[in-house]
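For reference, start_1.csv is printed below; it contains CSV, C-alpha atoms.
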chain,number,residue,atom,x,y,z
A,1,MET,CA,123.9,105.8,67.0
A,2,SER,CA,124.1,105.7,63.2
A,3,GLU,CA,125.6,108.6,61.3
A,4,HIS,CA,122.7,108.4,58.8
A,5,PRO,CA,119.3,109.3,60.2
A,6,GLY,CA,116.9,106.4,60.1
A,7,LEU,CA,119.7,103.8,59.4
A,8,GLY,CA,120.5,101.7,62.5
A,9,ALA,CA,119.2,104.3,64.9
A,10,PRO,CA,117.0,102.8,67.7
A,11,ARG,CA,113.4,103.8,67.6
A,12,HIS,CA,112.6,106.4,70.1
A,13,TRP,CA,110.2,105.2,72.8
A,14,LEU,CA,107.7,108.0,72.1
A,15,LEU,CA,107.3,106.8,68.5
A,16,THR,CA,106.0,103.4,69.6
A,17,ALA,CA,102.4,102.6,68.7
A,18,ALA,CA,100.0,102.5,71.6
A,19,GLN,CA,98.8,99.0,70.6
A,20,ASP,CA,102.3,97.6,71.3
A,21,LEU,CA,101.9,98.5,75.0
A,22,VAL,CA,98.6,96.7,75.5
A,23,ASP,CA,98.9,93.6,73.2
A,24,THR,CA,99.1,91.1,76.1
A,25,GLN,CA,96.5,92.8,78.3
A,26,LYS,CA,93.3,91.2,79.3
A,27,VAL,CA,90.6,93.9,79.3
A,28,VAL,CA,88.2,94.0,82.3
A,29,GLN,CA,84.9,95.6,81.6
A,30,ILE,CA,81.6,96.0,83.5
A,31,ASP,CA,78.0,96.1,82.2
A,32,ALA,CA,76.5,99.5,82.5
A,33,CYS,CA,73.6,98.0,84.3
A,34,ALA,CA,75.8,96.5,87.1
A,35,THR,CA,75.5,97.9,90.6
A,36,VAL,CA,78.0,100.2,92.1
A,37,GLU,CA,79.0,97.4,94.5
A,38,GLU,CA,79.6,95.0,91.6
A,39,ALA,CA,81.7,97.6,89.9
A,40,CYS,CA,83.8,98.2,93.0
A,41,ASP,CA,84.2,94.4,93.5
A,42,ALA,CA,85.7,94.3,90.0
A,43,LEU,CA,88.1,97.1,90.9
A,44,ILE,CA,89.2,95.3,94.1
A,45,GLU,CA,89.5,91.9,92.5
A,46,HIS,CA,91.6,93.0,89.6
A,47,ASN,CA,93.5,95.7,91.6
A,48,ILE,CA,92.6,98.5,89.1
A,49,GLN,CA,91.4,102.0,89.6
A,50,SER,CA,88.9,102.3,86.8
A,51,VAL,CA,86.8,100.1,84.5
A,52,PRO,CA,85.1,100.8,81.1
A,53,LEU,CA,81.3,100.4,81.0
A,54,TYR,CA,79.7,98.5,78.2
A,55,ASP,CA,76.0,98.8,77.2
A,56,ALA,CA,74.8,95.5,75.9
A,57,ARG,CA,71.7,97.1,74.3
A,58,SER,CA,73.6,99.5,72.1
A,59,HIS,CA,76.7,97.3,71.8
A,60,SER,CA,78.9,100.3,72.7
A,61,TYR,CA,81.0,101.7,75.5
A,62,VAL,CA,79.2,104.4,77.5
A,63,GLY,CA,81.8,105.7,79.8
A,64,MET,CA,84.5,104.9,82.4
A,65,PHE,CA,83.8,104.3,86.1
A,66,ASP,CA,86.7,105.0,88.5
A,67,VAL,CA,87.3,105.7,92.2
A,68,HIS,CA,86.9,109.5,91.8
A,69,ASP,CA,83.3,108.8,90.6
A,70,LEU,CA,82.7,106.6,93.7
A,71,ALA,CA,84.0,109.4,96.0
A,72,ALA,CA,81.8,112.0,94.3
A,73,PHE,CA,78.8,109.6,94.5
A,74,ILE,CA,79.3,109.0,98.3
A,75,LEU,CA,79.7,112.8,98.9
A,76,ALA,CA,76.6,113.6,96.9
A,77,ARG,CA,74.5,111.2,98.9
A,78,ARG,CA,75.9,112.4,102.2
A,79,SER,CA,75.4,116.0,101.4
A,80,THR,CA,71.7,115.6,100.6
A,81,ARG,CA,69.3,115.5,103.6
A,82,PRO,CA,66.6,112.9,103.7
A,83,SER,CA,64.0,115.6,103.6
A,84,SER,CA,65.2,117.0,100.3
A,85,GLN,CA,62.6,117.1,97.6
A,86,PRO,CA,63.0,116.1,93.9
A,87,GLY,CA,64.3,119.0,91.9
A,88,THR,CA,66.2,120.6,94.8
A,89,GLY,CA,69.9,120.5,95.7
A,90,SER,CA,72.9,120.7,93.5
A,91,PRO,CA,73.0,119.3,90.0
A,92,LEU,CA,75.3,116.6,91.3
A,93,SER,CA,72.9,115.6,94.0
A,94,ARG,CA,69.9,115.6,91.6
A,95,ARG,CA,71.8,113.3,89.2
A,96,VAL,CA,72.5,110.8,92.0
A,97,LEU,CA,69.1,110.9,93.8
A,98,GLU,CA,66.5,111.3,91.0
A,99,PRO,CA,64.7,108.9,90.9
A,100,ALA,CA,65.5,108.0,94.5
A,101,GLU,CA,66.4,104.4,94.8
A,102,PRO,CA,67.9,102.2,97.6
A,103,ALA,CA,71.7,102.3,97.5
A,104,SER,CA,71.8,98.6,96.6
A,105,ASN,CA,69.9,99.3,93.4
A,106,ASP,CA,72.2,102.1,92.1
A,107,LEU,CA,73.5,101.3,88.7
A,108,VAL,CA,77.1,102.2,87.9
A,109,GLY,CA,76.1,103.6,84.5
A,110,ARG,CA,74.2,106.5,86.3
A,111,ILE,CA,77.4,107.7,88.0
A,112,SER,CA,79.9,107.2,85.3
A,113,ASP,CA,82.2,110.3,85.0
A,114,LEU,CA,80.4,111.8,88.0
A,115,SER,CA,83.6,113.5,89.1
A,116,HIS,CA,84.5,114.8,85.5
A,117,LEU,CA,88.1,113.9,86.3
A,118,ASN,CA,88.7,110.8,84.2
A,119,PRO,CA,86.3,110.6,81.2
A,120,PHE,CA,86.4,107.9,78.6
A,121,TYR,CA,89.3,108.8,76.2
A,122,SER,CA,89.8,106.5,73.2
A,123,VAL,CA,92.6,106.3,70.6
A,124,VAL,CA,93.2,104.1,67.6
A,125,PRO,CA,95.9,101.4,67.8
A,126,GLU,CA,98.4,103.3,65.6
A,127,THR,CA,98.4,106.4,68.0
A,128,THR,CA,101.9,107.0,69.1
A,129,VAL,CA,103.0,106.9,72.8
A,130,ALA,CA,104.0,110.6,72.2
A,131,GLN,CA,100.4,111.6,71.5
A,132,VAL,CA,99.1,109.6,74.4
A,133,ALA,CA,101.7,111.1,76.7
A,134,GLN,CA,100.6,114.5,75.7
A,135,VAL,CA,97.1,113.6,77.0
A,136,PHE,CA,98.5,112.2,80.2
A,137,ALA,CA,100.6,115.3,80.8
A,138,LYS,CA,97.4,117.3,81.0
A,139,GLY,CA,96.1,115.1,83.8
A,140,ALA,CA,94.3,112.1,82.2
A,141,HIS,CA,95.3,108.8,83.8
A,142,ARG,CA,94.4,106.3,81.1
A,143,VAL,CA,93.1,105.9,77.5
A,144,ALA,CA,91.3,103.0,75.8
A,145,VAL,CA,93.1,101.7,72.8
A,146,MET,CA,90.3,100.6,70.5
A,147,GLN,CA,90.3,97.6,68.2
A,148,SER,CA,87.0,98.8,66.7
A,149,ASP,CA,84.0,100.9,67.8
A,150,ARG,CA,82.7,98.0,69.8
A,151,GLU,CA,85.9,96.4,71.1
A,152,ILE,CA,88.7,97.7,73.4
A,153,ARG,CA,92.1,96.3,72.6
A,154,GLY,CA,93.5,97.4,76.0
A,155,ILE,CA,93.7,100.2,78.6
A,156,LEU,CA,96.9,102.2,78.4
A,157,SER,CA,97.7,104.0,81.7
A,158,GLN,CA,100.2,106.6,82.9
A,159,ALA,CA,102.0,103.9,84.9
A,160,ARG,CA,102.4,101.7,81.8
A,161,VAL,CA,103.9,104.5,79.7
A,162,VAL,CA,106.3,105.5,82.5
A,163,ARG,CA,107.3,101.9,82.9
A,164,PHE,CA,107.9,101.5,79.2
A,165,PHE,CA,110.1,104.6,79.1
A,166,PHE,CA,112.2,103.3,82.1
A,167,GLU,CA,112.5,99.8,80.6
A,168,HIS,CA,113.9,101.3,77.4
A,169,SER,CA,116.0,104.1,78.9
A,170,ASP,CA,119.2,102.4,77.7
A,171,ASN,CA,118.2,103.8,74.2
A,172,ALA,CA,117.2,107.2,75.7
A,173,THR,CA,118.8,110.3,74.3
A,174,LEU,CA,121.7,112.0,76.1
A,175,ALA,CA,119.3,114.7,77.3
A,176,GLU,CA,116.9,112.1,78.8
A,177,HIS,CA,119.8,110.4,80.5
A,178,GLN,CA,120.8,113.7,82.0
A,179,LEU,CA,117.2,114.2,83.2
A,180,LEU,CA,117.2,110.7,84.9
A,181,ASP,CA,120.4,111.6,86.8
A,182,THR,CA,119.2,115.0,88.0
A,183,SER,CA,117.6,115.6,91.4
A,184,LEU,CA,113.9,116.3,91.8
A,185,ASP,CA,114.6,119.7,93.3
A,186,THR,CA,116.8,120.7,90.4
A,187,LEU,CA,114.2,119.6,87.9
A,188,GLY,CA,111.5,121.5,89.7
A,189,LEU,CA,109.3,118.4,89.9
A,190,VAL,CA,108.3,118.6,93.6
A,191,THR,CA,104.9,120.1,94.2
A,192,ARG,CA,105.3,121.8,97.6
A,193,ASP,CA,101.6,122.7,98.2
A,194,VAL,CA,100.5,119.4,99.8
A,195,VAL,CA,97.1,118.8,101.4
A,196,TYR,CA,97.4,116.5,104.4
A,197,VAL,CA,95.3,115.2,107.2
A,198,SER,CA,95.8,113.4,110.5
A,199,PRO,CA,95.0,109.7,110.9
A,200,ASP,CA,92.0,110.5,113.0
A,201,THR,CA,90.4,112.7,110.3
A,202,PRO,CA,86.9,111.4,109.4
A,203,VAL,CA,86.7,109.6,106.1
A,204,LEU,CA,84.1,111.9,104.6
A,205,LYS,CA,86.2,115.0,105.4
A,206,ALA,CA,89.1,113.3,103.6
A,207,LEU,CA,87.0,112.4,100.6
A,208,SER,CA,85.8,116.1,100.4
A,209,LEU,CA,89.5,117.2,100.4
A,210,LEU,CA,90.4,114.7,97.7
A,211,GLU,CA,87.6,115.9,95.5
A,212,SER,CA,87.9,119.6,96.1
A,213,HIS,CA,91.6,119.6,95.5
A,214,ARG,CA,91.4,117.1,92.6
A,215,VAL,CA,94.1,114.8,94.0
A,216,SER,CA,94.2,111.1,94.4
A,217,SER,CA,96.1,110.7,97.7
A,218,LEU,CA,96.5,112.4,101.0
A,219,PRO,CA,99.5,111.9,103.4
A,220,LEU,CA,98.6,111.1,107.0
A,221,VAL,CA,100.7,113.1,109.4
A,222,ASP,CA,101.1,113.6,113.1
A,223,ASN,CA,101.0,116.9,115.0
A,224,GLU,CA,104.5,117.7,113.8
A,225,GLN,CA,103.7,117.0,110.2
A,226,ARG,CA,105.7,113.8,110.2
A,227,LEU,CA,104.6,111.1,107.7
A,228,VAL,CA,102.8,108.2,109.4
A,229,GLY,CA,100.6,106.8,106.6
A,230,SER,CA,98.9,107.5,103.3
A,231,LEU,CA,95.2,107.5,102.2
A,232,SER,CA,94.6,106.9,98.5
A,233,LEU,CA,91.5,106.9,96.4
A,234,SER,CA,92.2,103.2,95.7
A,235,ASP,CA,91.2,102.7,99.4
A,236,VAL,CA,87.8,104.3,98.7
A,237,LYS,CA,86.5,101.4,96.7
A,238,HIS,CA,86.3,99.4,99.9
A,239,LEU,CA,83.5,101.8,101.1
A,240,ALA,CA,81.0,100.3,98.6
A,241,ARG,CA,80.8,97.0,100.4
A,242,ASN,CA,81.4,98.3,104.0
A,243,ARG,CA,79.5,101.5,104.2
A,244,GLN,CA,80.1,101.7,108.0
A,245,LEU,CA,83.6,102.8,107.1
A,246,THR,CA,82.1,106.1,105.8
A,247,ARG,CA,81.7,107.0,109.5
A,248,ALA,CA,85.2,105.8,110.4
A,249,SER,CA,88.6,107.6,110.5
A,250,CYS,CA,91.2,107.6,107.8
A,251,ARG,CA,93.3,105.3,110.0
A,252,GLU,CA,90.5,102.7,110.2
A,253,LEU,CA,89.8,102.9,106.4
A,254,VAL,CA,93.4,102.4,105.5
A,255,GLN,CA,93.7,99.5,108.0
A,256,ALA,CA,90.7,97.8,106.5
A,257,ALA,CA,91.9,98.4,102.9
A,258,ARG,CA,95.4,97.0,103.7
A,259,TYR,CA,93.9,94.0,105.4
A,260,VAL,CA,91.9,93.1,102.3
A,261,GLN,CA,94.9,93.7,100.0
A,262,GLY,CA,97.0,91.5,102.2
A,263,LEU,CA,94.5,88.7,102.0
A,264,ARG,CA,94.3,88.9,98.2
A,265,GLU,CA,97.9,89.4,97.5
A,266,GLY,CA,99.5,87.5,100.3
A,267,GLN,CA,101.8,90.3,101.4
A,268,ASP,CA,101.9,93.2,103.8
A,269,LYS,CA,100.8,96.4,102.2
A,270,ALA,CA,101.4,98.7,105.1
A,271,ALA,CA,104.7,100.2,103.9
A,272,ILE,CA,104.9,104.0,103.2
A,273,PHE,CA,107.2,105.1,100.5
A,274,SER,CA,108.9,108.5,100.3
A,275,ALA,CA,112.0,110.1,98.9
A,276,ARG,CA,114.1,113.2,99.6
A,277,PRO,CA,114.2,116.2,97.3
A,278,GLN,CA,117.8,115.3,96.5
A,279,ALA,CA,116.8,112.0,95.0
A,280,THR,CA,117.3,111.6,91.3
A,281,LEU,CA,114.5,111.0,88.8
A,282,ARG,CA,116.0,107.6,88.0
A,283,TYR,CA,115.7,106.6,91.7
A,284,VAL,CA,112.1,107.8,92.0
A,285,LEU,CA,111.0,106.1,88.7
A,286,ALA,CA,112.5,102.8,90.0
A,287,LYS,CA,110.7,103.2,93.3
A,288,LEU,CA,107.3,104.0,91.6
A,289,ILE,CA,107.6,101.1,89.3
A,290,ALA,CA,108.7,98.6,92.0
A,291,THR,CA,105.8,99.6,94.3
A,292,GLY,CA,103.1,100.2,91.6
A,293,ALA,CA,102.4,103.7,93.1
A,294,HIS,CA,101.1,106.7,91.1
A,295,ARG,CA,102.9,109.2,93.3
A,296,ILE,CA,105.6,109.4,95.9
A,297,TRP,CA,105.7,111.7,98.9
A,298,ILE,CA,108.7,113.9,99.3
A,299,SER,CA,110.0,114.3,102.8
A,300,GLU,CA,112.8,115.8,104.8
A,301,ALA,CA,114.5,114.7,107.9
A,302,VAL,CA,113.4,116.7,110.9
A,303,SER,CA,117.0,117.7,111.6
A,304,SER,CA,117.4,119.1,108.1
A,305,VAL,CA,114.3,121.2,108.6
A,306,THR,CA,115.4,122.6,112.0
A,307,SER,CA,119.2,122.7,111.5
A,308,SER,CA,121.6,123.5,108.7
A,309,THR,CA,124.1,121.0,110.0
A,310,PRO,CA,124.3,118.0,107.6
A,311,GLU,CA,123.7,114.5,108.9
A,312,THR,CA,126.5,112.1,109.1
A,313,THR,CA,125.9,108.5,108.1
A,314,PRO,CA,128.4,105.6,108.4
A,315,ALA,CA,130.0,104.8,105.1
A,316,SER,CA,128.8,101.2,105.2
A,317,ASN,CA,125.2,102.4,105.3
A,318,ARG,CA,125.4,105.0,102.5
A,319,ARG,CA,125.1,103.0,99.3
A,320,ALA,CA,122.5,100.5,98.3
A,321,SER,CA,120.4,99.8,95.2
A,322,VAL,CA,116.7,99.8,94.2
A,323,SER,CA,115.6,97.1,91.8
A,324,SER,CA,112.5,97.8,89.8
A,325,ALA,CA,110.4,95.3,87.7
A,326,SER,CA,112.6,96.3,84.7
A,327,SER,CA,116.1,95.0,84.1
A,328,GLN,CA,117.7,98.0,85.8
A,329,THR,CA,119.3,98.1,89.2
A,330,VAL,CA,119.6,101.7,90.3
A,331,PRO,CA,122.5,102.5,92.7
A,332,VAL,CA,121.4,105.0,95.3
A,333,ASP,CA,122.7,106.9,98.3
A,334,LEU,CA,120.2,106.0,101.0
A,335,ALA,CA,121.2,108.9,103.2
A,336,ARG,CA,120.4,111.4,100.5
A,337,TYR,CA,117.6,109.7,98.5
A,338,ALA,CA,115.4,107.5,100.6
A,339,GLY,CA,112.8,109.0,102.9
A,340,GLU,CA,112.5,107.6,106.4
A,341,PHE,CA,109.7,107.0,108.9
A,342,GLY,CA,109.4,110.2,111.0
A,343,ASP,CA,110.4,112.5,108.1
A,344,ARG,CA,108.3,115.6,107.6
A,345,VAL,CA,106.3,115.8,104.4
A,346,CYS,CA,107.4,118.7,102.2
A,347,GLY,CA,106.0,117.8,98.7
A,348,VAL,CA,104.8,115.2,96.3
A,349,VAL,CA,105.8,114.0,92.8
A,350,SER,CA,103.2,112.3,90.6
A,351,LEU,CA,103.2,110.3,87.3
A,352,THR,CA,101.5,113.3,85.7
A,353,ASP,CA,104.4,115.5,86.8
A,354,ILE,CA,107.0,113.1,85.4
A,355,LEU,CA,105.2,112.6,82.0
A,356,ARG,CA,104.8,116.4,81.6
A,357,LEU,CA,108.6,116.7,82.1
A,358,LEU,CA,109.3,113.9,79.6
A,359,VAL,CA,106.9,115.4,77.0
A,360,ASP,CA,108.3,118.9,77.4
A,361,SER,CA,111.9,117.6,77.1
A,362,ALA,CA,111.3,115.4,74.1
A,363,PRO,CA,113.9,115.9,71.4
A,364,SER,CA,113.0,118.0,68.4
A,365,PRO,CA,114.2,117.2,64.9
A,366,ARG,CA,116.5,120.2,65.0
A,367,ALA,CA,118.1,119.1,68.3
A,368,ASP,CA,118.3,115.4,67.4
A,369,PRO,CA,118.1,114.8,63.7
A,370,ASP,CA,118.4,111.0,64.1
A,371,TYR,CA,114.7,110.8,65.1
A,372,ASN,CA,111.7,111.6,62.8
A,373,TYR,CA,108.9,113.2,64.8
A,374,ALA,CA,106.6,113.8,61.9
A,375,SER,CA,104.1,111.3,63.3
A,376,MET,CA,103.7,113.4,66.5
A,377,ASP,CA,102.0,116.3,64.7

Represent the structure from my file as structure tokens, please.
Amino acid sequence: MSEHPGLGAPRHWLLTAAQDLVDTQKVVQIDACATVEEACDALIEHNIQSVPLYDARSHSYVGMFDVHDLAAFILARRSTRPSSQPGTGSPLSRRVLEPAEPASNDLVGRISDLSHLNPFYSVVPETTVAQVAQVFAKGAHRVAVMQSDREIRGILSQARVVRFFFEHSDNATLAEHQLLDTSLDTLGLVTRDVVYVSPDTPVLKALSLLESHRVSSLPLVDNEQRLVGSLSLSDVKHLARNRQLTRASCRELVQAARYVQGLREGQDKAAIFSARPQATLRYVLAKLIATGAHRIWISEAVSSVTSSTPETTPASNRRASVSSASSQTVPVDLARYAGEFGDRVCGVVSLTDILRLLVDSAPSPRADPDYNYASMD
């Protein structure tokens, strides 16, 4: 690092302009007059969780449709009895059902931001990653980087920002390197209050839990709380075309979703990823980036829950590596870091948790004078 601030010092990743992270992106958008089914088809085809809605009449964007909105829409319809009269029921139900129309005629523009969880956030191209990360740290999952009032340059997501940080971690500060090599438990990143369901739980009950707890995934566990699967809101988009699945179990919905994903992507999507509380942040980031997941379940071996005697693992099996899509290969201790099938779920770490940590730990001018953070104000 240069002895003189600003001369030869690498640019900190948080000072990068948002436009630089979306320049090569092809923006997918849907007409606000499209049906819910057409919008969900776009989510499935492009393997995305949300899509901006464009109103051709006003030549403007009118909102964002995502899988949370679809879940809220399904629950609102199911919670309203056929005998309900106009003007009755919850505000959510009235918005969905008045005027009453066949499901096939529902326009996606009517249910945009129905869940109030992921509204349409927009930023100018020059907005710094630091400013976007602050929005993400509060729970937003994506922002639209605008070229103009009528054109989106790209959609910048939590996953893209985390990936960018990891790809440029060679230029990270000493404090950031220390964070990367610290365990999840020590960092306090693990959320221990996890809502979980069994594989036989009805889909509608699982949707209700997802919405009421404002989470995007539920672990599927057996009677002993051992991890056997995972239900994500990304699976919910398959309900728009196959509405019989709303009467199915979580196991059946996950199987149907993985089957479609396998056909589209040509690979098995049934793997479950988890990590131990002792895993480092560097390991978890590599795992999240390599799998494209937005969260990772934290699990403990059953023996570590019931006994204080440490497990022994043959030395030949102890070390391996995790390769992410970046240039980094992360050495790991599998016996300590990687979760295994049959582990008990004990927590979760999400991209929001990680971004909050990175924002809170960002160097200040006083602590690291080589970086100018004036543009973060």

Determine, counting all atoms listed in the file, which protein, DNA and RNA residues have an atom within 12 Å of an atom of segment 30-33 of chain A; residues of the same chain fewer than 6 positions away are not included. Present the result as a PyMOL selection string. chain A and resi 39-43+50-66+105-112

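Here the question is which of A:Val22, A:Ala137, A:Leu239, A:Ala362 gets nearest to Phe73 of chain A using all atoms listed in the file, and that residue is A:Leu239.
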
Looking at A:Ser234, A:Gln147, A:Ser217, A:Thr201, which one is nearest to Ser249 of chain A, with distances taken over all atoms listed in the file? A:Thr201

One-decimal distance in Å that lies between atom CA of His168 of chain A and atom CA of Ile152 of chain A: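 Result for atom CA of Ile152 of chain A versus atom CA of His168 of chain A: 25.8 Å, one decimal.
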
Quick one, how far is atom CA of Ile296 of chain A from atom CA of Leu114 of chain A?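 Spanning atom CA of Ile296 of chain A to atom CA of Leu114 of chain A is a straight-line distance of 26.5 Å.
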
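Here atom CA of Ser183 of chain A stands at a distance of 24.4 Å from atom CA of Gly229 of chain A.
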
Counting only C-alpha atoms, which residues sit no farther than 7 Å from the position (88.9, 107.8, 78.6) in the file's frame? I'd like them as a ChimeraX atom specification. /A:64,118-122,142-144

Counting all atoms listed in the file, which of A:Ser157, A:Ser350, A:Arg163, A:Ser361 gets nearest to Ala290 of chain A?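 For Ala290 of chain A, the nearest of the given residues is A:Arg163.
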
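Here the question is which of A:Tyr259, A:Phe164, A:Tyr337, A:Trp297 gets nearest to Thr182 of chain A using only C-alpha atoms, and that residue is A:Tyr337.
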